[in-house]
Amino acid sequence: MDKLSENAGLVKPEALKAEALEAPAPDLLSMGEKGLGAEIEKLGFPRYRAGQIWRQMLAGTSDFSEMTDLPLAMRQTLAERYVTGVPAIERRLISKIDGTRKYLFRCADGETIESALMEYRHGLTICVSTQVGCNMACAFCASGIGGKRRDLTAGEILGQVAAAQRDVGRRISGVVMMGIGEPLDNYDAVISFLGEITSSSNEKYGLCIGARHISLSTCGLCDKIERLAGERYEITLSISLHAADDETRRQLMPVAKRWSLDDLLSACRDYFNRTHRRISFEYTLVPGRNDSPSDAGKLAALLKRYMGARPFHVNLIPVNAVEGRFAAGSRASAARFAAGLTRLGVNATVRRTLGPDINASCGQLRRGAGE
């Protein structure tokens, strides 16, 4: 068995004690095309060179040495002062079950993250990371093992899409921000990323994805949900709910100690009122903790009380295996839970499990994989 499949993302104990590496040089992808043009002019180069650089970065080029349409002296100057922001593919695993690809990306400062590229009937969707590690420490998620090292830049988030699209040689048409990290804990970079990935000016470079094809998952940072509503992006907001009462949710998700279900669901109701976008509630089924028929009844009553006639959807996730924490949940049990919600008038489906043989499913992505 491949070492990464056996120990996907396990960080060596000594790595957890190591000091964080120095922050990388400024990345050009985070500047946007206009900002890049101004930066190139400051260096004394013609502005049109920015278009050449931008095109190649959106095509997934991570190293300035590959930009052979630039003069050698310019490439050397750029390499001395900047990084592209496009992470390099350190390793790639392809599921023998469904073709899902899991990438281990290495950032310019040596930090590593994982992303997953999934195939659906409508095309390719990539699950991107927004932080190196995560501080949310949800019990069922491997991404928080070892905590957060740093936030990713907008360029590094966008760069995952560009690098994967280059690798597979096909257009990626959907993005889910459900990889490593809590997107709303890296708010400014995520909003900047949304601006670039949805910009029609990038359509000519093959990297423009409509907001309605983008999902953002949050564990429930209520103040940031309110800010996000004001951004007016027509993305799908996915709320990691995972329990129908505060006590159970606090056991599974430390963030619930700060924001109660009342806080969170009130924020969700307000979000819909401002955006008119249907909210998806993610609910990971943990055997013996939140998966009984009575839990289904409590969940249905809770969501109806706060959301009323507003449209919403419950996305059920049988807990995926996380070494030392949980064994994989039962899809048959999830189907029964979904049927119980449906009988109570709640729209619910069981999420398709992709890439289980390469640890690429929900909650399994980690930083430091392969070390």
# chains A, B, ... in the order shown; residues from 1 in each chain; ligands from 1
$ residues_around --residues "Gly308 of chain A" --least-positions-apart "6" --cutoff "12 Å" --atoms "only C-alpha atoms" --output "CSV table (one decimal) with C-alpha atoms, in the first residue's frame"
chain,number,residue,atom,x,y,z
A,265,LEU,CA,-29.3,29.3,13.3
A,266,SER,CA,-30.4,32.9,13.8
A,268,CYS,CA,-28.4,31.4,9.1
A,269,ARG,CA,-32.0,32.8,9.0
A,272,PHE,CA,-31.0,33.8,3.8
A,273,ASN,CA,-33.2,36.9,4.4
A,300,ALA,CA,-36.1,18.4,12.0
A,301,ALA,CA,-37.9,20.4,14.7
A,302,LEU,CA,-34.8,22.6,15.3
A,345,GLY,CA,-40.8,17.1,5.8
A,346,VAL,CA,-37.1,17.9,5.7
$ select_by_dssp --residues "segment 78-108 of chain A" --states "helix (DSSP H, G or I)" --output "PyMOL selection string"
chain A and resi 78-81
$ closest_residue --among "A:Cys134, A:Ala164, A:Leu264, A:Ala139" --to "Thr100 of chain A" --atoms "only C-alpha atoms"
A:Ala164
$ residues_around --residues "Gly147 of chain A" --least-positions-apart "4" --cutoff "8 Å" --atoms "only C-alpha atoms" --output "ChimeraX atom specification"
/A:133-137
$ select_by_dssp --residues "segment 4-142 of chain A" --states "strand (DSSP E)" --output "PyMOL selection string"
chain A and resi 88-94+101-106+112-120+123-127+131-133
$ closest_residue --among "A:Met74, A:Ala332, A:Ala59, A:Val176" --to "Glu41 of chain A" --atoms "only C-alpha atoms"
A:Met74
$ closest_residue --among "A:Lys298, A:Ile94, A:Pro254, A:Ser238" --to "Met178 of chain A" --atoms "only C-alpha atoms"
A:Ser238
$ atom_distance --atom1 "atom CA of Val86 of chain A" --atom2 "atom CA of Ala73 of chain A"
21.2 Å
$ residues_around --residues "segment 185-193 of chain A" --least-positions-apart "2" --cutoff "7 Å" --atoms "only C-alpha atoms" --output "list in words"
Asp151, Thr153, Ala154, Ile157, Leu158, Glu182, Pro183, Gly195, Glu196 and Ile197 of chain A
$ atom_distance --atom1 "atom CA of Glu90 of chain A" --atom2 "atom CA of Glu156 of chain A"
14.6 Å
$ closest_residue --among "A:Ala348, A:Ile279, A:Ala338, A:Ile209" --to "Pro293 of chain A" --atoms "only C-alpha atoms"
A:Ala338
$ atom_distance --atom1 "atom CA of Cys127 of chain A" --atom2 "atom CA of Arg351 of chain A"
14.3 Å
$ residues_around --residues "segment 169-173 of chain A" --least-positions-apart "6" --cutoff "7 Å" --atoms "only C-alpha atoms" --output "list in words"
Gly123, Leu124, Thr125 and Ile209 of chain A
$ residues_around --residues "segment 247-250 of chain A" --least-positions-apart "3" --cutoff "10 Å" --atoms "only C-alpha atoms" --output "VMD selection string"
chain A and resid 138 to 139 241 to 244 253 to 261 289 to 290
$ write_last_selection --atoms "C-alpha atoms" --output "tab-separated table (two decimals), in the first residue's frame"
chain	number	residue	atom	x	y	z
A	138	CYS	CA	-13.74	19.30	15.38
A	139	ALA	CA	-13.66	15.76	16.78
A	241	LEU	CA	-24.12	21.56	12.18
A	242	HIS	CA	-23.58	17.93	13.30
A	243	ALA	CA	-25.88	18.04	16.32
A	244	ALA	CA	-29.39	19.13	17.26
A	253	MET	CA	-17.19	21.01	17.94
A	254	PRO	CA	-15.36	23.37	20.33
A	255	VAL	CA	-16.68	26.38	18.37
A	256	ALA	CA	-20.09	25.63	19.92
A	257	LYS	CA	-18.73	26.82	23.26
A	258	ARG	CA	-18.61	30.32	21.79
A	259	TRP	CA	-21.74	30.31	19.64
A	260	SER	CA	-24.87	28.41	20.58
A	261	LEU	CA	-27.29	26.82	18.15
A	289	ARG	CA	-23.69	10.19	19.43
A	290	ASN	CA	-26.12	11.90	17.04
$ closest_atom_pairs --of "segment 79-103 of chain A" --to "segment 36-39 of chain A" --cutoff "12 Å" --atoms "only C-alpha atoms" --output "CSV"
residue,atom,partner,partner_atom,distance
A:Arg81,CA,A:Glu39,CA,11.3
A:Tyr82,CA,A:Glu39,CA,10.8
A:Thr84,CA,A:Leu36,CA,10.9
$ write_last_selection --atoms "N, CA and C atoms" --output "mmCIF file, in the first residue's frame"
data_model
loop_
_atom_site.group_PDB
_atom_site.id
_atom_site.type_symbol
_atom_site.label_atom_id
_atom_site.label_comp_id
_atom_site.auth_asym_id
_atom_site.auth_seq_id
_atom_site.Cartn_x
_atom_site.Cartn_y
_atom_site.Cartn_z
ATOM 1 N N ARG A 81 12.673 38.068 -5.731
ATOM 2 C CA ARG A 81 11.818 38.945 -4.920
ATOM 3 C C ARG A 81 10.436 38.378 -4.599
ATOM 4 N N TYR A 82 9.956 37.438 -5.413
ATOM 5 C CA TYR A 82 8.579 36.998 -5.282
ATOM 6 C C TYR A 82 8.475 35.480 -5.399
ATOM 7 N N THR A 84 5.268 32.746 -7.061
ATOM 8 C CA THR A 84 4.061 32.847 -7.891
ATOM 9 C C THR A 84 2.795 32.780 -7.043
#
